[in-house]
file model_30.cif (mmCIF, C-alpha atoms)
data_protein
#
loop_
_atom_site.label_atom_id
_atom_site.label_comp_id
_atom_site.auth_asym_id
_atom_site.auth_seq_id
_atom_site.Cartn_x
_atom_site.Cartn_y
_atom_site.Cartn_z
CA MET A 656 139.04 124.19 127.81
CA VAL A 657 135.31 124.18 127.23
CA LYS A 658 135.45 120.58 126.11
CA GLN A 659 137.35 119.59 129.18
CA SER A 660 134.83 121.11 131.52
CA THR A 661 131.93 119.27 129.86
CA GLN A 662 133.90 116.06 130.07
CA ASN A 663 134.48 116.58 133.76
CA LYS A 664 130.86 117.34 134.28
CA GLU A 665 129.92 113.84 133.19
CA GLN A 666 132.06 112.33 135.90
CA ILE A 667 130.95 114.61 138.71
CA ILE A 668 128.63 112.83 141.08
CA LYS A 669 125.65 114.72 142.39
CA VAL A 670 125.24 114.45 146.14
CA LEU A 671 122.08 115.30 148.03
CA ILE A 672 122.36 116.59 151.58
CA ALA A 673 119.07 116.31 153.43
CA GLU A 674 119.53 118.02 156.75
CA ASP A 675 117.20 120.37 158.61
CA ASN A 676 119.95 121.72 160.83
CA ALA A 677 121.36 124.79 159.07
CA VAL A 678 124.82 124.64 160.65
CA SER A 679 125.31 120.96 159.93
CA ALA A 680 123.98 121.37 156.36
CA LYS A 681 126.42 124.21 155.68
CA ILE A 682 129.44 122.29 156.94
CA LEU A 683 128.46 119.23 154.92
CA GLN A 684 127.90 121.33 151.82
CA LYS A 685 131.26 123.04 152.07
CA ASN A 686 133.21 119.84 152.68
CA ILE A 687 131.49 117.74 150.05
CA ASN A 688 131.82 120.55 147.53
CA ASP A 689 135.54 120.88 148.30
CA TRP A 690 135.97 117.17 147.60
CA GLY A 691 134.76 117.62 144.03
CA TYR A 692 131.13 116.59 144.20
CA GLU A 693 128.17 118.62 143.05
CA VAL A 694 125.89 119.33 145.99
CA VAL A 695 122.14 119.79 146.33
CA VAL A 696 120.81 120.77 149.76
CA ALA A 697 117.32 120.00 151.06
CA LYS A 698 116.14 121.23 154.43
CA ASP A 699 113.46 118.62 155.01
CA GLY A 700 112.38 115.21 153.77
CA LYS A 701 109.83 116.58 151.34
CA GLU A 702 112.36 118.78 149.58
CA ALA A 703 114.79 115.88 149.57
CA TRP A 704 112.28 113.60 147.89
CA ALA A 705 111.60 116.19 145.17
CA ALA A 706 115.33 116.53 144.51
CA LEU A 707 115.80 112.75 144.45
CA ARG A 708 113.17 112.38 141.79
CA ASN A 709 114.29 115.19 139.53
CA GLU A 710 117.95 115.96 139.94
CA GLY A 711 119.89 112.85 139.01
CA ILE A 712 121.17 112.32 142.54
CA ARG A 713 123.55 109.37 142.87
CA LEU A 714 124.62 109.74 146.47
CA ALA A 715 122.38 110.84 149.31
CA VAL A 716 123.44 111.96 152.77
CA LEU A 717 120.26 111.84 154.84
CA ASP A 718 119.71 113.06 158.34
CA TRP A 719 117.80 110.58 160.44
CA MET A 720 115.52 113.06 162.18
CA MET A 721 113.86 115.52 159.83
CA PRO A 722 110.48 117.19 159.61
CA GLU A 723 107.88 115.97 157.07
CA ILE A 724 109.62 112.78 155.94
CA ASN A 725 112.44 111.42 158.08
CA GLY A 726 115.62 109.74 156.88
CA ILE A 727 114.30 106.21 157.36
CA GLN A 728 111.13 106.87 155.44
CA LEU A 729 113.21 108.45 152.66
CA CYS A 730 115.42 105.35 152.49
CA LYS A 731 112.37 103.17 152.00
CA LYS A 732 110.96 105.46 149.31
CA ILE A 733 114.26 105.50 147.43
CA ARG A 734 114.56 101.72 147.50
CA GLU A 735 110.95 101.22 146.38
CA ASN A 736 111.81 103.32 143.36
CA ASP A 737 115.22 101.80 142.63
CA HIS A 738 114.02 99.08 140.34
CA LYS A 739 111.42 100.91 138.37
CA GLY A 740 112.78 100.99 134.85
CA GLU A 741 116.04 99.46 133.71
CA ASP A 742 117.81 102.78 133.38
CA GLN A 743 117.16 103.56 137.01
CA GLN A 744 120.47 104.21 138.66
CA TYR A 745 121.33 103.08 142.14
CA THR A 746 121.28 105.76 144.83
CA TYR A 747 123.88 105.19 147.51
CA ILE A 748 122.57 106.28 150.91
CA ILE A 749 124.57 107.43 153.93
CA LEU A 750 122.53 108.06 157.07
CA LEU A 751 123.51 110.80 159.47
CA THR A 752 122.82 109.76 163.02
CA ALA A 753 123.32 111.17 166.46
CA LYS A 754 125.42 108.99 168.76
CA ASP A 755 122.47 107.86 170.81
CA GLU A 756 120.57 106.78 167.71
CA GLN A 757 123.26 104.21 166.95
CA LYS A 758 121.33 101.44 168.64
CA ASP A 759 118.61 101.98 166.03
CA LEU A 760 121.03 101.49 163.15
CA ILE A 761 119.59 98.12 162.15
CA LYS A 762 116.34 99.92 161.43
CA GLY A 763 118.25 102.21 159.08
CA PHE A 764 120.00 99.42 157.26
CA SER A 765 116.85 97.40 156.81
CA ALA A 766 115.15 100.50 155.41
CA GLY A 767 117.82 100.51 152.71
CA ALA A 768 120.73 102.64 153.94
CA ASP A 769 124.17 101.58 152.69
CA ASP A 770 126.23 103.25 155.37
CA TYR A 771 126.02 105.70 158.25
CA ILE A 772 128.08 108.34 159.99
CA THR A 773 127.58 109.76 163.45
CA LYS A 774 127.24 113.46 164.12
CA PRO A 775 129.27 115.50 164.77
CA PHE A 776 131.13 113.80 161.97
CA ASN A 777 134.84 113.54 161.48
CA HIS A 778 135.42 115.05 158.05
CA LEU A 779 138.08 112.54 156.95
CA GLU A 780 135.79 109.70 157.83
CA LEU A 781 132.97 111.25 155.83
CA LYS A 782 135.31 111.75 152.89
CA ALA A 783 136.31 108.08 152.98
CA ARG A 784 132.70 106.94 153.24
CA LEU A 785 131.71 109.05 150.25
CA LYS A 786 134.55 107.49 148.30
CA THR A 787 133.22 104.04 149.07
CA GLY A 788 129.85 105.19 147.80
CA LYS A 789 131.43 106.47 144.60
CA ARG A 790 133.11 103.10 144.08
CA ILE A 791 129.78 101.29 144.31
CA ILE A 792 128.16 103.77 141.93
CA ASP A 793 130.94 103.31 139.39
CA LEU A 794 130.58 99.54 139.61
CA GLN A 795 126.86 99.80 139.01
CA ARG A 796 127.49 102.03 136.02
CA GLN A 797 129.84 99.44 134.55
CA LEU A 798 127.35 96.64 135.15
CA GLN A 799 124.61 98.64 133.53
CA LYS A 800 126.83 99.21 130.52
CA GLN A 801 127.67 95.54 130.29
CA ALA A 802 124.02 94.63 130.52
CA SER A 803 123.12 96.68 127.46
CA ARG A 804 126.14 96.11 125.20
CA ASP A 805 127.30 93.17 123.14
CA SER A 806 130.65 92.04 124.52
CA LEU A 807 132.37 91.36 121.18
CA THR A 808 131.41 94.46 119.22
CA GLY A 809 130.31 96.93 121.86
CA LEU A 810 127.08 97.43 119.92
CA TRP A 811 123.71 97.51 121.69
CA ASN A 812 122.61 94.02 122.56
CA ARG A 813 119.31 92.54 121.51
CA LYS A 814 117.54 93.25 124.80
CA ARG A 815 118.47 96.89 124.68
CA MET A 816 117.59 97.11 121.00
CA PHE A 817 113.94 96.24 121.67
CA ARG A 818 113.69 99.15 124.07
CA ILE A 819 115.29 101.57 121.64
CA LEU A 820 113.03 100.37 118.85
CA ASP A 821 109.89 100.77 120.96
CA LYS A 822 110.97 104.28 121.81
CA GLU A 823 111.61 105.16 118.18
CA ILE A 824 108.23 103.80 117.12
CA HIS A 825 106.55 105.93 119.78
CA ARG A 826 108.46 108.95 118.63
CA ALA A 827 107.46 108.28 115.04
CA HIS A 828 103.79 108.09 116.09
CA ARG A 829 104.04 111.29 118.02
CA ASN A 830 105.71 113.24 115.27
CA ASN A 831 103.83 111.62 112.43
CA LEU A 832 107.04 110.43 110.79
CA PRO A 833 108.13 107.14 109.25
CA VAL A 834 110.53 104.78 110.94
CA ALA A 835 112.48 101.92 109.38
CA ILE A 836 114.74 99.05 110.31
CA LEU A 837 117.31 97.04 108.40
CA MET A 838 118.00 93.42 109.28
CA ILE A 839 121.47 92.53 108.07
CA ASP A 840 123.09 89.14 107.68
CA ILE A 841 126.68 88.30 106.67
CA ASP A 842 126.52 86.06 103.62
CA LYS A 843 127.85 82.53 104.11
CA PHE A 844 129.16 83.36 107.54
CA LYS A 845 129.00 79.75 108.65
CA SER A 846 131.44 78.69 105.95
CA ILE A 847 133.83 81.54 106.94
CA ASN A 848 133.83 80.15 110.47
CA ASP A 849 134.21 76.56 109.24
CA THR A 850 137.01 77.43 106.81
CA TYR A 851 139.09 79.95 108.75
CA GLY A 852 138.08 79.36 112.35
CA HIS A 853 136.14 81.37 114.89
CA GLN A 854 138.84 83.96 115.46
CA ILE A 855 138.59 85.04 111.85
CA GLY A 856 134.81 84.86 112.22
CA ASP A 857 135.05 87.33 115.10
CA LEU A 858 137.37 89.56 113.11
CA VAL A 859 134.85 89.62 110.25
CA ILE A 860 132.09 90.59 112.64
CA ASN A 861 134.18 93.38 114.12
CA GLU A 862 135.25 94.79 110.76
CA VAL A 863 131.69 94.70 109.44
CA THR A 864 130.62 96.47 112.64
CA ASP A 865 133.15 99.24 111.97
CA ILE A 866 131.93 99.80 108.44
CA LEU A 867 128.29 99.86 109.51
CA ARG A 868 129.09 102.32 112.28
CA LYS A 869 130.94 104.66 109.98
CA ASN A 870 128.20 104.70 107.35
CA ILE A 871 125.06 105.36 109.31
CA ARG A 872 123.69 108.72 110.42
CA SER A 873 124.50 109.95 113.91
CA TYR A 874 120.96 109.32 115.17
CA ASP A 875 120.66 105.79 113.78
CA GLU A 876 121.24 102.89 116.16
CA ILE A 877 122.90 99.54 115.52
CA CYS A 878 122.60 96.39 117.53
CA ARG A 879 123.99 92.91 117.22
CA TYR A 880 120.84 90.89 116.83
CA GLY A 881 122.33 87.41 116.76
CA GLY A 882 125.52 85.58 115.68
CA ASP A 883 126.11 87.25 112.31
CA GLU A 884 122.96 89.35 112.25
CA PHE A 885 122.76 93.07 112.84
CA LEU A 886 119.80 95.36 113.12
CA VAL A 887 119.90 99.05 112.27
CA ILE A 888 117.14 101.39 113.44
CA LEU A 889 116.54 104.31 111.08
CA PRO A 890 114.30 107.08 112.40
CA ASN A 891 112.46 109.20 109.83
CA CYS A 892 113.24 106.91 106.88
CA ASN A 893 110.75 105.97 104.19
CA SER A 894 111.40 102.91 102.04
CA ALA A 895 113.34 104.81 99.36
CA LYS A 896 115.72 106.34 101.87
CA THR A 897 116.07 103.04 103.69
CA GLU A 898 117.04 101.34 100.44
CA LEU A 899 119.61 104.05 99.76
CA ILE A 900 121.22 103.65 103.18
CA GLY A 901 121.13 99.86 102.86
CA ASP A 902 122.85 100.02 99.52
CA ARG A 903 125.51 102.38 100.83
CA LEU A 904 126.29 99.96 103.65
CA ARG A 905 126.27 96.99 101.29
CA ILE A 906 128.69 98.57 98.79
CA ASN A 907 131.10 99.75 101.49
CA VAL A 908 131.31 96.26 102.97
CA THR A 909 131.81 94.65 99.54
CA LYS A 910 134.69 97.04 98.78
CA HIS A 911 136.46 96.32 102.03
CA ARG A 912 139.13 93.62 102.23
CA ILE A 913 139.52 91.93 105.56
CA LYS A 914 143.15 91.07 106.22
CA SER A 915 144.82 88.89 108.81
CA ASP A 916 148.34 87.46 108.43
CA ASN A 917 148.35 85.74 105.04
CA LEU A 918 144.63 85.90 104.72
CA SER A 919 142.66 88.45 102.72
CA LEU A 920 138.97 88.04 102.11
CA ASN A 921 135.88 89.87 101.05
CA VAL A 922 132.47 89.47 102.62
CA ALA A 923 129.04 90.52 101.46
CA LEU A 924 125.85 91.34 103.29
CA SER A 925 122.19 90.72 102.63
CA PHE A 926 119.67 93.33 103.75
CA GLY A 927 116.02 93.01 104.63
CA GLY A 928 114.33 96.27 105.45
CA ALA A 929 110.91 97.40 106.65
CA SER A 930 109.65 100.96 106.69
CA THR A 931 106.37 102.31 108.01
CA GLU A 932 106.47 104.69 105.06
CA GLY A 933 104.13 107.27 106.54
CA TYR A 934 102.08 107.43 109.68
CA ALA A 935 101.41 103.91 110.88
CA SER A 936 99.41 103.83 114.08
CA ASP A 937 99.29 100.09 114.64
CA ILE A 938 102.96 99.27 114.08
CA THR A 939 104.79 97.38 116.78
CA SER A 940 108.43 96.41 116.96
CA GLU A 941 107.38 92.78 116.41
CA THR A 942 105.65 93.61 113.11
CA LEU A 943 108.60 95.61 111.87
CA ILE A 944 111.04 92.82 112.69
CA MET A 945 108.79 90.18 111.17
CA GLU A 946 108.51 92.14 107.91
CA ALA A 947 112.25 92.82 107.83
CA ASP A 948 112.90 89.11 108.40
CA GLU A 949 110.73 88.23 105.41
CA ALA A 950 112.52 90.81 103.30
CA LEU A 951 115.89 89.38 104.36
CA LEU A 952 114.77 85.89 103.36
CA GLU A 953 113.79 87.25 99.99
CA ALA A 954 117.20 88.97 99.62
CA LYS A 955 118.84 85.60 100.31
CA ASN A 956 116.61 83.94 97.73
CA ARG A 957 117.53 86.56 95.18
CA GLY A 958 121.14 85.46 95.43
CA ARG A 959 122.41 87.48 98.46
CA ASN A 960 124.47 90.71 98.49
CA CYS A 961 121.38 92.82 97.85
CA VAL A 962 118.77 94.97 99.60
CA VAL A 963 115.04 94.18 99.78
CA ILE A 964 112.68 96.64 101.49
CA LYS A 965 109.06 96.13 102.53
CA LYS A 966 106.68 99.02 102.96
CA ILE A 967 104.22 98.78 105.78
CA ARG A 968 101.12 100.91 105.56
CA ASP A 969 98.45 101.69 108.06
CA LYS A 970 95.74 99.07 107.98
CA MET A 971 93.07 101.76 108.04
CA MET B 378 141.54 137.45 163.59
CA SER B 379 141.52 138.60 167.21
CA ASP B 380 138.05 137.28 167.97
CA MET B 381 139.10 133.82 166.82
CA ASP B 382 142.29 133.96 168.85
CA ASN B 383 140.23 134.76 171.86
CA LEU B 384 138.11 131.69 171.31
CA LYS B 385 141.18 129.55 170.77
CA ASN B 386 142.72 130.07 174.18
CA ALA B 387 140.08 128.56 176.35
CA GLY B 388 136.37 128.43 176.64
CA PRO B 389 133.21 127.38 174.97
CA ILE B 390 134.54 126.10 171.66
CA ASP B 391 137.07 123.40 170.81
CA MET B 392 138.85 125.31 168.08
CA ASP B 393 141.13 122.52 166.89
CA SER B 394 138.33 120.13 166.25
CA VAL B 395 135.98 122.63 164.64
CA LEU B 396 138.67 124.07 162.38
CA GLU B 397 139.51 120.61 161.19
CA ARG B 398 135.87 120.09 160.33
CA VAL B 399 135.68 123.30 158.28
CA GLY B 400 139.02 122.80 156.57
CA GLY B 401 140.79 125.54 158.54
CA ASP B 402 138.57 128.24 157.06
CA GLU B 403 138.13 130.82 159.84
CA SER B 404 135.88 133.16 157.91
CA PHE B 405 133.57 130.24 157.15
CA LEU B 406 133.56 129.42 160.84
CA ARG B 407 132.52 132.99 161.64
CA GLU B 408 129.69 132.67 159.16
CA LEU B 409 128.60 129.41 160.81
CA LEU B 410 128.67 131.00 164.25
CA ASP B 411 126.37 133.75 162.99
CA ILE B 412 123.93 131.18 161.69
CA TYR B 413 124.20 129.24 164.93
CA ILE B 414 123.46 132.29 167.05
CA GLU B 415 120.45 133.34 164.99
CA ASP B 416 119.12 129.81 165.24
CA PHE B 417 119.87 129.59 168.95
CA ILE B 418 117.98 132.79 169.75
CA GLU B 419 114.92 131.44 167.97
CA LYS B 420 115.13 127.98 169.53
CA TYR B 421 115.78 129.41 172.97
CA ALA B 422 112.48 131.30 172.92
CA LEU B 423 110.64 128.25 171.62
CA LEU B 424 112.23 126.08 174.29
CA GLU B 425 111.22 128.44 177.05
CA GLN B 426 107.68 128.29 175.76
CA ALA B 427 107.70 124.49 175.45
CA ILE B 428 108.95 124.14 179.03
CA SER B 429 106.31 126.46 180.42
CA GLN B 430 103.66 124.47 178.54
CA GLY B 431 105.14 121.15 179.62
CA ASP B 432 105.37 120.11 175.95
CA SER B 433 107.90 117.31 176.25
CA ASN B 434 107.85 116.35 172.58
CA ASN B 435 108.84 119.86 171.56
CA ILE B 436 111.45 119.98 174.30
CA LYS B 437 112.95 116.81 172.90
CA GLU B 438 112.99 118.10 169.32
CA ILE B 439 114.47 121.49 170.12
CA GLY B 440 117.06 119.80 172.33
CA HIS B 441 117.94 117.44 169.51
CA SER B 442 118.35 120.26 167.02
CA LEU B 443 120.53 122.36 169.35
CA LYS B 444 122.58 119.29 170.16
CA GLY B 445 123.27 118.80 166.47
CA SER B 446 124.40 122.32 165.66
CA SER B 447 126.39 122.74 168.91
CA GLY B 448 128.15 119.45 168.27
CA ASN B 449 129.06 120.44 164.75
CA LEU B 450 130.67 123.62 165.99
CA SER B 451 132.41 121.76 168.82
CA LEU B 452 130.62 123.94 171.37
CA ASN B 453 131.04 121.18 173.89
CA GLY B 454 129.28 122.70 176.88
CA LEU B 455 126.27 123.69 174.84
CA HIS B 456 126.26 120.32 173.14
CA GLU B 457 126.15 118.43 176.41
CA THR B 458 123.45 120.67 177.85
CA ALA B 459 121.32 120.39 174.73
CA TYR B 460 121.61 116.62 174.98
CA GLY B 461 120.37 116.85 178.56
CA ILE B 462 117.39 118.84 177.34
CA GLU B 463 116.64 116.29 174.64
CA LEU B 464 116.76 113.48 177.20
CA SER B 465 114.50 115.36 179.63
CA GLY B 466 111.98 115.72 176.82
CA LYS B 467 112.27 112.05 175.94
CA GLU B 468 111.75 111.07 179.57
CA ASN B 469 108.96 113.60 179.98
CA ASP B 470 110.83 115.14 182.93
CA ILE B 471 109.95 118.84 182.88
CA GLU B 472 111.73 119.60 186.15
CA GLN B 473 114.94 118.19 184.72
CA ALA B 474 114.37 120.24 181.56
CA LYS B 475 114.11 123.41 183.66
CA ILE B 476 117.47 122.70 185.31
CA HIS B 477 119.12 122.08 181.95
CA PHE B 478 117.53 125.21 180.55
CA ILE B 479 119.27 127.32 183.21
CA ARG B 480 122.54 125.61 182.32
CA LEU B 481 121.90 126.25 178.65
CA LYS B 482 121.57 129.95 179.37
CA GLU B 483 124.85 129.93 181.30
CA GLU B 484 126.66 128.05 178.54
CA PHE B 485 125.34 130.44 175.92
CA LYS B 486 126.47 133.40 177.99
CA LYS B 487 129.95 131.91 178.00
CA LEU B 488 129.91 131.77 174.22
CA LYS B 489 128.55 135.31 173.99
CA ASP B 490 131.29 136.66 176.22
CA PHE B 491 133.90 135.30 173.86
CA LEU B 492 132.44 137.11 170.88
CA PRO B 493 133.50 140.58 169.69
CA LEU B 494 131.64 143.55 171.12
CA GLU B 495 129.43 144.18 168.13
CA LYS B 496 128.14 140.61 168.13
CA ARG B 497 127.65 140.68 171.88
CA GLN B 498 125.54 143.80 171.65
CA ASN B 499 123.49 142.27 168.90
CA ILE B 500 122.71 139.25 171.08
CA GLU B 501 121.91 141.37 174.13
CA GLN B 502 119.50 143.39 172.07
CA LYS B 503 117.69 140.29 170.88
CA MET B 504 117.76 138.51 174.24
CA PRO B 505 117.20 141.20 176.89
CA ASN B 506 116.39 138.58 179.54
CA LEU B 507 119.67 136.71 179.12
CA GLU B 508 121.34 138.51 182.04
#
call {"tool": "encode", "arguments": {"input": "model_30.cif", "output": "structure tokens"}}
result
Amino acid sequence: MVKQSTQNKEQIIKVLIAEDNAVSAKILQKNINDWGYEVVVAKDGKEAWAALRNEGIRLAVLDWMMPEINGIQLCKKIRENDHKGEDQQYTYIILLTAKDEQKDLIKGFSAGADDYITKPFNHLELKARLKTGKRIIDLQRQLQKQASRDSLTGLWNRKRMFRILDKEIHRAHRNNLPVAILMIDIDKFKSINDTYGHQIGDLVINEVTDILRKNIRSYDEICRYGGDEFLVILPNCNSAKTELIGDRLRINVTKHRIKSDNLSLNVALSFGGASTEGYASDITSETLIMEADEALLEAKNRGRNCVVIKKIRDKM
Amino acid sequence: MSDMDNLKNAGPIDMDSVLERVGGDESFLRELLDIYIEDFIEKYALLEQAISQGDSNNIKEIGHSLKGSSGNLSLNGLHETAYGIELSGKENDIEQAKIHFIRLKEEFKKLKDFLPLEKRQNIEQKMPNLE
């Protein structure tokens, strides 16, 4: 039961009602709550803006005329903020207007409103309009997911990986902890593709992905860096620990047989790692990747199917 | 439920439309009416003041606010009158506002007379100059 309620909570959309009229706000709150949304009520534009910034609001029902900041000004503020940061989620805006404000609707739309409803509202119409908003929000969520995931494996894509890595490096600085990465390459992947075809190549990539996923710690992150290259981010890992994890991954992949119809094959991985070892104030994601790349090249030169780790120390 | 039945038959509130808006919840509607009346008493005094000062901007804003809450409760007479007040403010027509203000008082009295005794007395206490 408990699990179910937390699951539901993730799907519940938070709706802001910004309305200075107490009667109207109450009716909106009751209806929208009854339809399964979570509701936050603000009685003027200022309160609404505070809620919009802090409460994870996805859908906003804004009254046109409000003290402090009116609905139109709020629309503009929301839209100015929409594209700050890639994780920023779209806020769907429904304007509440009086009938005689309808002629001003163009002003509302050009300020950034998605839809409007006239007061006193018909509750079925409002319900339908909220549903439309939810549909747009869900679409945006899907797009956002697609933009950060690799389509074949579902792993983080390269673009997203750089952001995660930057964040982990910052965290490591803050907490005075090491951070490491592993650059991983499937040995002789090109000849697998050339010999068995790209479908088998894809299968190999997916099966390797599964093994990597199962053998990292819950707070490590994996991304697909390129064709047959993966990158694992390992927070709080010195070089010794990084080597240990790399070796565990390597052995588990070696042991695994990939089967398809009459085919059964083994693959091996080469690992190049870089760890900041201790506190490293001048480390950037570029340096880490560069060092890991060099280590990977060395692993290839040593005959593949092995792990090479580089320690990076503070230049001071 | 007798007070609601009374309202249903005829008079200041369109019960069908308001009940639809509040999902048929009569006790919620009673709660809303209480909020409305508290708010009305406050706005009424402010409106009287704004009219005597010839403050058309305030007249417009109070009219707009009363229009909103009356409309939401399907208090059609009050809604129309409040709209008239808002327009008078917009057009800076204080004389017109005075006429609508008298109508507003009449419309509110109609609502009051439909309420149960205890609520009526409460309003009369707070608005001794209503009669």
call {"tool": "atom_distance", "arguments": {"input": "model_30.cif", "atom1": "atom CA of A:Ser679", "atom2": "atom CA of B:Leu488"}}
result
18.5 Å
call {"tool": "resolve_selection", "arguments": {"input": "model_30.cif", "expression": "the PyMOL selection byres ((chain A) within 9 of (chain B))", "output": "PyMOL selection string"}}
result
chain A and resi 675-679+681-683+685-686+720+753+774-779
call {"tool": "atom_distance", "arguments": {"input": "model_30.cif", "atom1": "atom CA of A:Pro833", "atom2": "atom CA of A:Gly882"}}
result
28.4 Å
call {"tool": "residues_around", "arguments": {"input": "model_30.cif", "residues": "A:Asp948", "least_positions_apart": "5", "cutoff": "8 Å", "atoms": "only C-alpha atoms", "output": "PDB file with C-alpha atoms, in the frame of the given file"}}
result
ATOM      1  CA  MET A 838     118.000  93.420 109.280  1.00  0.00           C
ATOM      2  CA  GLY A 927     116.020  93.010 104.630  1.00  0.00           C
ATOM      3  CA  GLY A 928     114.330  96.270 105.450  1.00  0.00           C
TER       4      GLY A 928
END
call {"tool": "atom_distance", "arguments": {"input": "model_30.cif", "atom1": "atom CA of A:Asp857", "atom2": "atom CA of A:Ser803"}}
result
19.6 Å
